[in-house]
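Trainee: target-v7.pdb is the file, holding PDB, C-alpha atoms:
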ATOM      1  CA  MET R   1      98.265 131.090 198.631
ATOM      2  CA  VAL R   2      98.499 130.348 194.899
ATOM      3  CA  ILE R   3      98.186 126.595 195.482
ATOM      4  CA  ALA R   4      95.099 127.042 197.669
ATOM      5  CA  GLN R   5      93.455 129.462 195.249
ATOM      6  CA  MET R   6      94.053 127.281 192.203
ATOM      7  CA  GLY R   7      93.058 124.178 194.138
ATOM      8  CA  GLU R   8      89.732 125.765 195.067
ATOM      9  CA  SER R   9      89.063 126.832 191.486
ATOM     10  CA  GLY R  10      89.930 123.380 190.186
ATOM     11  CA  ALA R  11      87.757 121.707 192.800
ATOM     12  CA  ALA R  12      84.740 123.685 191.589
ATOM     13  CA  MET R  13      85.192 122.361 188.055
ATOM     14  CA  GLY R  14      85.828 118.936 189.542
ATOM     15  CA  MET R  15      82.354 119.013 191.094
ATOM     16  CA  ALA R  16      80.913 119.813 187.662
ATOM     17  CA  TYR R  17      82.750 116.774 186.285
ATOM     18  CA  ALA R  18      81.388 114.690 189.167
ATOM     19  CA  LEU R  19      77.780 115.732 188.544
ATOM     20  CA  ILE R  20      77.921 114.830 184.856
ATOM     21  CA  ALA R  21      79.771 111.585 185.681
ATOM     22  CA  TYR R  22      77.003 110.754 188.135
ATOM     23  CA  GLY R  23      74.585 110.954 185.212
ATOM     24  CA  PHE R  24      76.631 108.279 183.427
ATOM     25  CA  GLN R  25      76.415 106.088 186.515
ATOM     26  CA  LEU R  26      72.635 106.429 186.742
ATOM     27  CA  THR R  27      72.110 104.735 183.379
ATOM     28  CA  PHE R  28      74.985 102.280 183.542
ATOM     29  CA  ALA R  29      73.775 100.599 186.737
ATOM     30  CA  PRO R  30      70.438  99.236 185.400
ATOM     31  CA  SER R  31      71.247  98.977 181.684
ATOM     32  CA  LYS R  32      75.039  98.758 181.302
ATOM     33  CA  SER R  33      74.762 101.571 178.768
ATOM     34  CA  VAL R  34      75.521 105.298 178.780
ATOM     35  CA  ASN R  35      74.471 108.247 176.667
ATOM     36  CA  PHE R  36      77.449 109.350 174.578
ATOM     37  CA  GLY R  37      75.397 112.372 173.526
ATOM     38  CA  GLN R  38      75.312 113.676 177.092
ATOM     39  CA  ALA R  39      77.240 116.805 176.086
ATOM     40  CA  GLU R  40      74.402 117.819 173.818
ATOM     41  CA  CYS R  41      71.882 117.234 176.626
ATOM     42  CA  VAL R  42      73.885 119.619 178.801
ATOM     43  CA  MET R  43      74.124 122.195 176.008
ATOM     44  CA  ILE R  44      70.513 122.036 174.799
ATOM     45  CA  SER R  45      69.235 122.260 178.371
ATOM     46  CA  ALA R  46      71.349 125.379 178.942
ATOM     47  CA  PHE R  47      69.865 126.928 175.792
ATOM     48  CA  ILE R  48      66.359 126.051 176.980
ATOM     49  CA  ALA R  49      67.065 127.762 180.310
ATOM     50  CA  LEU R  50      68.434 130.796 178.460
ATOM     51  CA  SER R  51      65.301 130.994 176.300
ATOM     52  CA  LEU R  52      62.928 130.630 179.256
ATOM     53  CA  ILE R  53      64.705 133.290 181.292
ATOM     54  CA  GLY R  54      64.727 135.517 178.211
ATOM     55  CA  THR R  55      60.918 135.492 178.173
ATOM     56  CA  GLY R  56      60.884 137.060 181.641
ATOM     57  CA  MET R  57      60.130 133.831 183.474
ATOM     58  CA  PRO R  58      61.349 133.740 187.101
ATOM     59  CA  TYR R  59      64.698 131.994 187.462
ATOM     60  CA  ALA R  60      63.371 129.272 189.800
ATOM     61  CA  ALA R  61      60.531 128.389 187.426
ATOM     62  CA  ALA R  62      62.956 128.297 184.477
ATOM     63  CA  VAL R  63      65.202 125.887 186.401
ATOM     64  CA  VAL R  64      62.302 123.527 187.154
ATOM     65  CA  LEU R  65      61.082 123.531 183.545
ATOM     66  CA  THR R  66      64.635 122.993 182.299
ATOM     67  CA  LEU R  67      65.027 119.961 184.560
ATOM     68  CA  LEU R  68      61.785 118.555 183.142
ATOM     69  CA  ALA R  69      63.041 119.247 179.618
ATOM     70  CA  GLY R  70      66.299 117.477 180.441
ATOM     71  CA  ALA R  71      64.356 114.475 181.743
ATOM     72  CA  GLY R  72      62.392 114.494 178.484
ATOM     73  CA  LEU R  73      65.619 114.506 176.489
ATOM     74  CA  GLY R  74      66.845 111.544 178.499
ATOM     75  CA  LEU R  75      63.618 109.640 177.819
ATOM     76  CA  PHE R  76      63.908 110.444 174.113
ATOM     77  CA  VAL R  77      67.466 109.090 173.971
ATOM     78  CA  GLU R  78      66.419 105.919 175.788
ATOM     79  CA  ARG R  79      63.434 105.332 173.515
ATOM     80  CA  VAL R  80      65.108 106.109 170.197
ATOM     81  CA  GLY R  81      68.750 105.221 170.749
ATOM     82  CA  VAL R  82      68.953 102.630 173.514
ATOM     83  CA  ARG R  83      65.833 100.509 173.991
ATOM     84  CA  LEU R  84      65.949  98.442 170.809
ATOM     85  CA  ALA R  85      69.680  97.778 171.164
ATOM     86  CA  LEU R  86      69.186  96.539 174.724
ATOM     87  CA  GLN R  87      66.283  94.323 173.657
ATOM     88  CA  GLN R  88      68.453  92.796 170.952
ATOM     89  CA  LYS R  89      71.369  92.574 173.429
ATOM     90  CA  ASN R  90      73.876  94.337 171.190
ATOM     91  CA  GLU R  91      76.060  97.430 171.494
ATOM     92  CA  GLY R  92      74.197  99.493 168.913
ATOM     93  CA  TRP R  93      73.356 102.091 171.569
ATOM     94  CA  ILE R  94      76.944 103.369 171.383
ATOM     95  CA  LEU R  95      76.646 104.559 167.800
ATOM     96  CA  LEU R  96      72.998 105.597 168.118
ATOM     97  CA  THR R  97      73.588 107.873 171.113
ATOM     98  CA  ILE R  98      76.546 109.468 169.321
ATOM     99  CA  ILE R  99      74.356 110.073 166.250
ATOM    100  CA  LEU R 100      71.589 111.572 168.381
ATOM    101  CA  GLY R 101      74.170 113.850 169.986
ATOM    102  CA  LEU R 102      75.386 115.055 166.594
ATOM    103  CA  PHE R 103      71.792 115.664 165.528
ATOM    104  CA  GLY R 104      71.162 117.616 168.736
ATOM    105  CA  ALA R 105      74.227 119.792 168.136
ATOM    106  CA  SER R 106      73.089 120.580 164.583
ATOM    107  CA  LEU R 107      69.555 121.310 165.778
ATOM    108  CA  ALA R 108      70.830 123.676 168.479
ATOM    109  CA  GLU R 109      72.969 125.617 166.002
ATOM    110  CA  ASN R 110      70.001 126.060 163.673
ATOM    111  CA  ILE R 111      67.675 127.186 166.471
ATOM    112  CA  TRP R 112      69.963 129.298 168.658
ATOM    113  CA  GLY R 113      72.956 129.984 166.433
ATOM    114  CA  ARG R 114      76.670 129.501 167.031
ATOM    115  CA  ASP R 115      77.373 132.512 169.234
ATOM    116  CA  ASP R 116      78.175 132.065 172.925
ATOM    117  CA  ARG R 117      75.869 133.975 175.267
ATOM    118  CA  PRO R 118      75.842 134.580 179.019
ATOM    119  CA  LEU R 119      73.109 133.007 181.119
ATOM    120  CA  PRO R 120      71.282 135.590 183.267
ATOM    121  CA  THR R 121      71.260 134.470 186.874
ATOM    122  CA  PRO R 122      70.330 135.991 190.252
ATOM    123  CA  ILE R 123      73.598 134.661 191.700
ATOM    124  CA  PRO R 124      75.897 137.627 192.473
ATOM    125  CA  ASP R 125      79.185 137.776 190.563
ATOM    126  CA  THR R 126      81.129 139.441 193.388
ATOM    127  CA  PRO R 127      83.788 137.175 194.976
ATOM    128  CA  LEU R 128      83.642 136.079 198.586
ATOM    129  CA  ALA R 129      86.834 136.244 200.649
ATOM    130  CA  LEU R 130      87.524 133.168 202.782
ATOM    131  CA  GLY R 131      90.757 134.044 204.522
ATOM    132  CA  LYS R 132      93.277 134.546 201.748
ATOM    133  CA  ILE R 133      91.216 132.614 199.218
ATOM    134  CA  SER R 134      88.707 134.280 196.915
ATOM    135  CA  VAL R 135      85.637 132.168 196.078
ATOM    136  CA  THR R 136      82.955 133.202 193.611
ATOM    137  CA  TRP R 137      79.281 132.565 194.261
ATOM    138  CA  PHE R 138      79.152 130.686 190.966
ATOM    139  CA  GLU R 139      81.696 128.190 192.321
ATOM    140  CA  ILE R 140      79.737 127.872 195.555
ATOM    141  CA  SER R 141      76.568 127.211 193.565
ATOM    142  CA  ILE R 142      78.309 124.379 191.705
ATOM    143  CA  PHE R 143      79.431 122.770 194.974
ATOM    144  CA  VAL R 144      76.056 123.128 196.705
ATOM    145  CA  GLY R 145      73.905 122.409 193.655
ATOM    146  CA  ALA R 146      75.821 119.337 192.468
ATOM    147  CA  LEU R 147      76.037 117.768 195.920
ATOM    148  CA  GLY R 148      72.409 118.652 196.692
ATOM    149  CA  LEU R 149      71.006 117.077 193.518
ATOM    150  CA  MET R 150      73.096 113.946 193.940
ATOM    151  CA  CYS R 151      71.869 113.548 197.518
ATOM    152  CA  ILE R 152      68.238 114.011 196.449
ATOM    153  CA  ILE R 153      68.557 111.371 193.736
ATOM    154  CA  GLU R 154      70.302 108.970 196.114
ATOM    155  CA  LEU R 155      67.489 109.408 198.643
ATOM    156  CA  PHE R 156      64.994 108.747 195.864
ATOM    157  CA  ARG R 157      66.842 105.599 194.812
ATOM    158  CA  ARG R 158      67.137 104.227 198.336
ATOM    159  CA  LYS R 159      63.914 105.338 200.031
ATOM    160  CA  THR R 160      61.185 105.107 197.368
ATOM    161  CA  LEU R 161      59.617 102.109 195.660
ATOM    162  CA  LEU R 162      60.498 103.420 192.203
ATOM    163  CA  GLY R 163      64.100 103.977 193.230
ATOM    164  CA  LYS R 164      64.342 100.521 194.764
ATOM    165  CA  ALA R 165      62.896  99.056 191.575
ATOM    166  CA  VAL R 166      65.733 100.606 189.578
ATOM    167  CA  GLY R 167      68.185  99.195 192.120
ATOM    168  CA  ALA R 168      66.644  95.739 191.787
ATOM    169  CA  VAL R 169      67.039  95.840 188.005
ATOM    170  CA  ALA R 170      70.635  96.955 188.443
ATOM    171  CA  ALA R 171      71.313  94.041 190.798
ATOM    172  CA  ASP R 172      69.680  91.330 188.666
ATOM    173  CA  PRO R 173      67.286  92.237 185.846
ATOM    174  CA  GLU R 174      66.034  88.664 185.379
ATOM    175  CA  VAL R 175      65.072  88.254 189.032
ATOM    176  CA  ALA R 176      63.532  91.741 189.013
ATOM    177  CA  GLU R 177      61.334  90.769 186.046
ATOM    178  CA  LEU R 178      60.182  87.646 187.911
ATOM    179  CA  MET R 179      59.171  89.906 190.809
ATOM    180  CA  GLY R 180      56.998  91.984 188.496
ATOM    181  CA  ILE R 181      59.422  94.886 187.969
ATOM    182  CA  SER R 182      59.640  96.161 184.402
ATOM    183  CA  SER R 183      63.287  96.461 183.376
ATOM    184  CA  ARG R 184      62.292  98.660 180.436
ATOM    185  CA  ARG R 185      60.547 101.190 182.665
ATOM    186  CA  ALA R 186      63.387 101.144 185.182
ATOM    187  CA  VAL R 187      65.929 101.917 182.447
ATOM    188  CA  ALA R 188      63.678 104.682 181.089
ATOM    189  CA  LEU R 189      63.468 106.221 184.566
ATOM    190  CA  ALA R 190      67.252 106.044 184.908
ATOM    191  CA  TYR R 191      67.686 107.881 181.601
ATOM    192  CA  ALA R 192      65.155 110.514 182.681
ATOM    193  CA  LEU R 193      67.111 111.117 185.901
ATOM    194  CA  SER R 194      70.362 111.237 183.925
ATOM    195  CA  GLY R 195      68.850 113.809 181.555
ATOM    196  CA  ALA R 196      67.692 115.955 184.468
ATOM    197  CA  THR R 197      71.182 115.711 185.950
ATOM    198  CA  ALA R 198      72.697 116.886 182.660
ATOM    199  CA  ALA R 199      70.214 119.762 182.525
ATOM    200  CA  PHE R 200      71.123 120.894 186.031
ATOM    201  CA  ALA R 201      74.823 120.654 185.180
ATOM    202  CA  GLY R 202      74.203 122.932 182.200
ATOM    203  CA  ILE R 203      72.487 125.513 184.403
ATOM    204  CA  LEU R 204      75.281 125.423 186.990
ATOM    205  CA  ILE R 205      78.230 125.756 184.610
ATOM    206  CA  ALA R 206      76.638 128.166 182.102
ATOM    207  CA  PRO R 207      77.421 131.311 184.147
ATOM    208  CA  ILE R 208      81.117 130.352 183.977
ATOM    209  CA  THR R 209      81.426 128.879 180.493
ATOM    210  CA  THR R 210      78.609 130.872 178.778
ATOM    211  CA  VAL R 211      75.946 129.118 176.698
ATOM    212  CA  GLY R 212      77.060 127.900 173.270
ATOM    213  CA  PRO R 213      77.023 124.832 171.004
ATOM    214  CA  THR R 214      80.452 123.683 172.216
ATOM    215  CA  MET R 215      80.094 124.582 175.899
ATOM    216  CA  ALA R 216      80.130 120.987 177.183
ATOM    217  CA  GLY R 217      82.282 119.108 174.667
ATOM    218  CA  GLY R 218      85.439 119.049 176.775
ATOM    219  CA  LEU R 219      83.527 118.659 180.042
ATOM    220  CA  ILE R 220      81.878 115.442 178.911
ATOM    221  CA  LEU R 221      85.161 113.738 178.059
ATOM    222  CA  LYS R 222      86.548 114.615 181.478
ATOM    223  CA  ALA R 223      83.325 113.603 183.203
ATOM    224  CA  PHE R 224      83.409 110.208 181.509
ATOM    225  CA  SER R 225      87.031 109.833 182.614
ATOM    226  CA  VAL R 226      85.905 110.628 186.178
ATOM    227  CA  ALA R 227      83.157 107.995 185.932
ATOM    228  CA  VAL R 228      85.634 105.370 184.710
ATOM    229  CA  VAL R 229      88.276 106.303 187.297
ATOM    230  CA  ALA R 230      85.752 106.163 190.148
ATOM    231  CA  GLY R 231      83.940 103.110 188.784
ATOM    232  CA  LEU R 232      80.729 103.222 186.777
ATOM    233  CA  GLU R 233      78.834 101.793 189.739
ATOM    234  CA  SER R 234      80.624 103.582 192.562
ATOM    235  CA  GLY R 235      77.951 106.102 193.612
ATOM    236  CA  PHE R 236      79.510 109.023 195.422
ATOM    237  CA  GLY R 237      82.999 107.884 194.418
ATOM    238  CA  VAL R 238      82.676 110.260 191.470
ATOM    239  CA  ILE R 239      82.878 113.203 193.879
ATOM    240  CA  ILE R 240      86.342 112.223 195.082
ATOM    241  CA  ALA R 241      87.544 111.392 191.567
ATOM    242  CA  GLY R 242      86.119 114.638 190.196
ATOM    243  CA  LEU R 243      87.691 116.787 192.889
ATOM    244  CA  VAL R 244      91.068 115.096 192.456
ATOM    245  CA  LEU R 245      91.006 115.555 188.684
ATOM    246  CA  GLY R 246      89.877 119.183 188.905
ATOM    247  CA  VAL R 247      92.590 120.117 191.396
ATOM    248  CA  MET R 248      95.290 118.249 189.463
ATOM    249  CA  GLU R 249      94.345 120.022 186.230
ATOM    250  CA  SER R 250      94.373 123.429 187.862
ATOM    251  CA  LEU R 251      97.747 122.921 189.515
ATOM    252  CA  ALA R 252      99.245 121.434 186.348
ATOM    253  CA  SER R 253      98.228 124.510 184.333
ATOM    254  CA  VAL R 254     100.037 126.745 186.854
ATOM    255  CA  TYR R 255     103.235 124.813 187.439
ATOM    256  CA  LEU R 256     103.625 122.958 184.132
ATOM    257  CA  GLY R 257     101.919 125.380 181.764
ATOM    258  CA  SER R 258      98.429 125.506 180.249
ATOM    259  CA  GLY R 259      99.453 123.033 177.559
ATOM    260  CA  TRP R 260      99.816 120.353 180.247
ATOM    261  CA  ARG R 261      96.385 120.922 181.794
ATOM    262  CA  GLU R 262      94.937 117.738 180.298
ATOM    263  CA  ALA R 263      97.935 115.552 181.204
ATOM    264  CA  PRO R 264      96.914 114.617 184.785
ATOM    265  CA  GLY R 265      93.564 113.284 183.637
ATOM    266  CA  ILE R 266      95.167 111.128 180.957
ATOM    267  CA  VAL R 267      97.801 109.766 183.339
ATOM    268  CA  LEU R 268      95.203 109.098 186.039
ATOM    269  CA  LEU R 269      92.884 107.320 183.612
ATOM    270  CA  ILE R 270      95.649 105.104 182.191
ATOM    271  CA  ALA R 271      96.940 104.227 185.666
ATOM    272  CA  VAL R 272      93.508 103.281 186.992
ATOM    273  CA  LEU R 273      92.588 101.230 183.919
ATOM    274  CA  ALA R 274      95.889  99.384 184.185
ATOM    275  CA  LEU R 275      95.722  98.701 187.934
ATOM    276  CA  ARG R 276      91.977  98.675 188.719
ATOM    277  CA  PRO R 277      89.851  98.180 185.586
ATOM    278  CA  ASN R 278      86.642  98.414 187.633
ATOM    279  CA  GLY R 279      87.615 101.839 188.982
ATOM    280  CA  LEU R 280      89.022 103.006 192.293
ATOM    281  CA  PHE R 281      85.689 102.533 194.065
ATOM    282  CA  GLY R 282      84.113  99.964 191.732
ATOM    283  CA  LYS R 283      83.163  96.456 192.676
ATOM    284  CA  ALA R 284      84.870  93.441 191.216
ATOM    285  CA  THR R 285      82.723  91.706 188.618
ATOM    286  CA  ILE R 286      81.928  88.053 189.226
ATOM    287  CA  ARG R 287      81.124  86.232 186.014
ATOM    288  CA  LYS R 288      78.773  83.286 186.150
ATOM    289  CA  VAL R 289      79.781  80.338 183.990
TER     290      VAL R 289
END
Output the structure of this file as structure tokens.

Mentor:
Amino acid sequence: MVIAQMGESGAAMGMAYALIAYGFQLTFAPSKSVNFGQAECVMISAFIALSLIGTGMPYAAAVVLTLLAGAGLGLFVERVGVRLALQQKNEGWILLTIILGLFGASLAENIWGRDDRPLPTPIPDTPLALGKISVTWFEISIFVGALGLMCIIELFRRKTLLGKAVGAVAADPEVAELMGISSRRAVALAYALSGATAAFAGILIAPITTVGPTMAGGLILKAFSVAVVAGLESGFGVIIAGLVLGVMESLASVYLGSGWREAPGIVLLIAVLALRPNGLFGKATIRKV
């Protein structure tokens, strides 16, 4: 009973990790870069949703506008913090995305303050009994929302010309350019999708964590660990890695104590990096000489 209940609760957070990790994968595939300010994208998007709902805007409309705002944030990060570094073929995007994240955190504190606030949502807060397990509607929304958005983006990537263009750049940017596909635009699109993913993650987790400047700091570190464990080009592998990490953390906090909650993630990350540097579901890299 206790194991099942804690496993379910941990799995819900694991899906949140998986969704954010999926955002890392979206940008890494075509550009071999990630946004290390992703936590601030999650947080600022949650604040934007809170502000829109506070004006009396319908929840569905606020979600759509927040996703667009998240996509805009992703485009901004790509344009300001990533594009020039990629053109010069250096790793400057690492420091620049961190700096943009710090700027975003400072900006959010000055606009919305430092207090944590609940996000109004039409989702009921009454638990749902599934046998002997109690599941909240917030946890169900994380499962359904995260999996639904990931499926929509995967369909877009595999069934549309724009999505296939991003895939072509990910496979071989030089050949893609020869075929008339702009690598720059493909990377920008990937960052826009990653920003929208971060925005949706903020909306999903805000009812549980509340909305505040530090709401996503710990989540991002775990999500990046999930992305590395699964493989930064593994696709849906992040779901399995996220669920495993979430359940392990939850069980560790019960049987080993709350102080050991982070231990499974660290052990899992070290083990995977030592045994499979490309991730559990990643592809082996073939270097051309």

Trainee: Separation of atom CA of R:Thr197 and atom CA of R:Ala168, in Å?

Mentor: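 Spanning atom CA of R:Thr197 to atom CA of R:Ala168 is a straight-line distance of 21.3 Å.
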
Trainee: Can you work out which one of R:Leu130, R:Ile208, R:Ala263, R:Ala252 has the shortest atom-to-atom distance to R:Lys222, counting only C-alpha atoms?

Mentor: R:Ala263

Trainee: One decimal, Å: what's the distance from atom CA of R:Pro30 over to atom CA of R:Ala192, could you say?

Mentor: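 We find that atom CA of R:Pro30 and atom CA of R:Ala192 lie 12.7 Å from each other.
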
Trainee: Would you list the residues near (81.9, 111.6, 193.0), meaning any protein, DNA or RNA residue with an atom at most 10 Å from that point in file coordinates, counting all atoms listed in the file, as JSON, numbers by chain?

Mentor: {"R": [14, 15, 16, 17, 18, 19, 20, 21, 22, 146, 147, 150, 226, 227, 230, 231, 234, 235, 236, 237, 238, 239, 240, 241, 242, 243, 244, 281]}

Trainee: Please measure the separation of atom CA of R:Leu155 and atom CA of R:Leu189, giving the value in Å to one decimal.

Mentor: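 Interatomic distance here is 15.0 Å.
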
Trainee: Hey, which of R:Ala29, R:Gly70, R:Ile111, R:Met43 ends up closest to R:Leu193? Count only C-alpha atoms.

Mentor: R:Gly70

Trainee: Between R:Ile181, R:Val187, R:Ala196, R:Val135, which is the closest to R:Gln5 once you count all atoms listed in the file?

Mentor: R:Val135

Trainee: Smallest atom-to-atom distance to R:Thr214: which of R:Leu52, R:Val82, R:Ala190, R:Ala108, using all atoms listed in the file?

Mentor: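 Going through R:Leu52, R:Val82, R:Ala190, R:Ala108 one by one, the smallest distance to R:Thr214 is for R:Ala108.
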
Trainee: Quick one: which residues end up in the PyMOL selection byres ((chain R and resi 279) around 9) for this structure, as number ranges by chain?

Mentor: R: 227-234, 272-273, 275-278, 280-283

Trainee: Residues picked by the PyMOL selection byres ((chain R and resi 89-94) around 10) here, as a list in words?

Mentor: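 For this structure, the PyMOL selection byres ((chain R and resi 89-94) around 10) resolves to Lys32, Ser33, Val34, Asn35, Phe36, Gly37, Val77, Glu78, Val80, Gly81, Val82, Arg83, Leu84, Ala85, Leu86, Gln87, Gln88, Leu95, Leu96, Thr97, Ile98 and Ile99 of chain R.
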
Trainee: Carefully work through the PyMOL selection byres ((chain R and resi 121-123) around 9) for this structure and note down the residues it includes, as a PyMOL selection string.

Mentor: chain R and resi 53+59+119-120+124-125+137-138+141+207

Trainee: Quick one: residues within 10 Å of R:Asp172, all atoms listed in the file counted, chain neighbours fewer than 5 positions away excluded, as a PDB file with C-alpha atoms, keeping the file's coordinate frame?

Mentor:
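Writing the result to result-v6.pdb gives the following:
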ATOM      1  CA  PRO R  30      70.438  99.236 185.400  1.00  0.00           C
ATOM      2  CA  GLY R 167      68.185  99.195 192.120  1.00  0.00           C
ATOM      3  CA  GLU R 177      61.334  90.769 186.046  1.00  0.00           C
ATOM      4  CA  SER R 183      63.287  96.461 183.376  1.00  0.00           C
TER       5      SER R 183
END

Trainee: Calculated over only C-alpha atoms, which of the candidates R:Ser258, R:Ser45, R:Ser253, R:Thr55 has the smallest distance to R:Leu68?

Mentor: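 So, comparing all the options, the nearest one is R:Ser45.
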
Trainee: So, with all atoms listed in the file as the atoms that count, which of R:Pro118, R:Gly148, R:Pro173, R:Gly195 lies closest to R:Gly54?

Mentor: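 Once distances to R:Gly54 are computed over all atoms listed in the file, the minimum belongs to R:Pro118.
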
Trainee: Excluding R:Pro213 and its own-chain neighbours fewer than 4 positions away, which residues fall within 12 Å of it when counting all atoms listed in the file? Please give them as a PyMOL selection string.

Mentor: chain R and resi 39-47+101-117+202+206+209+217-218
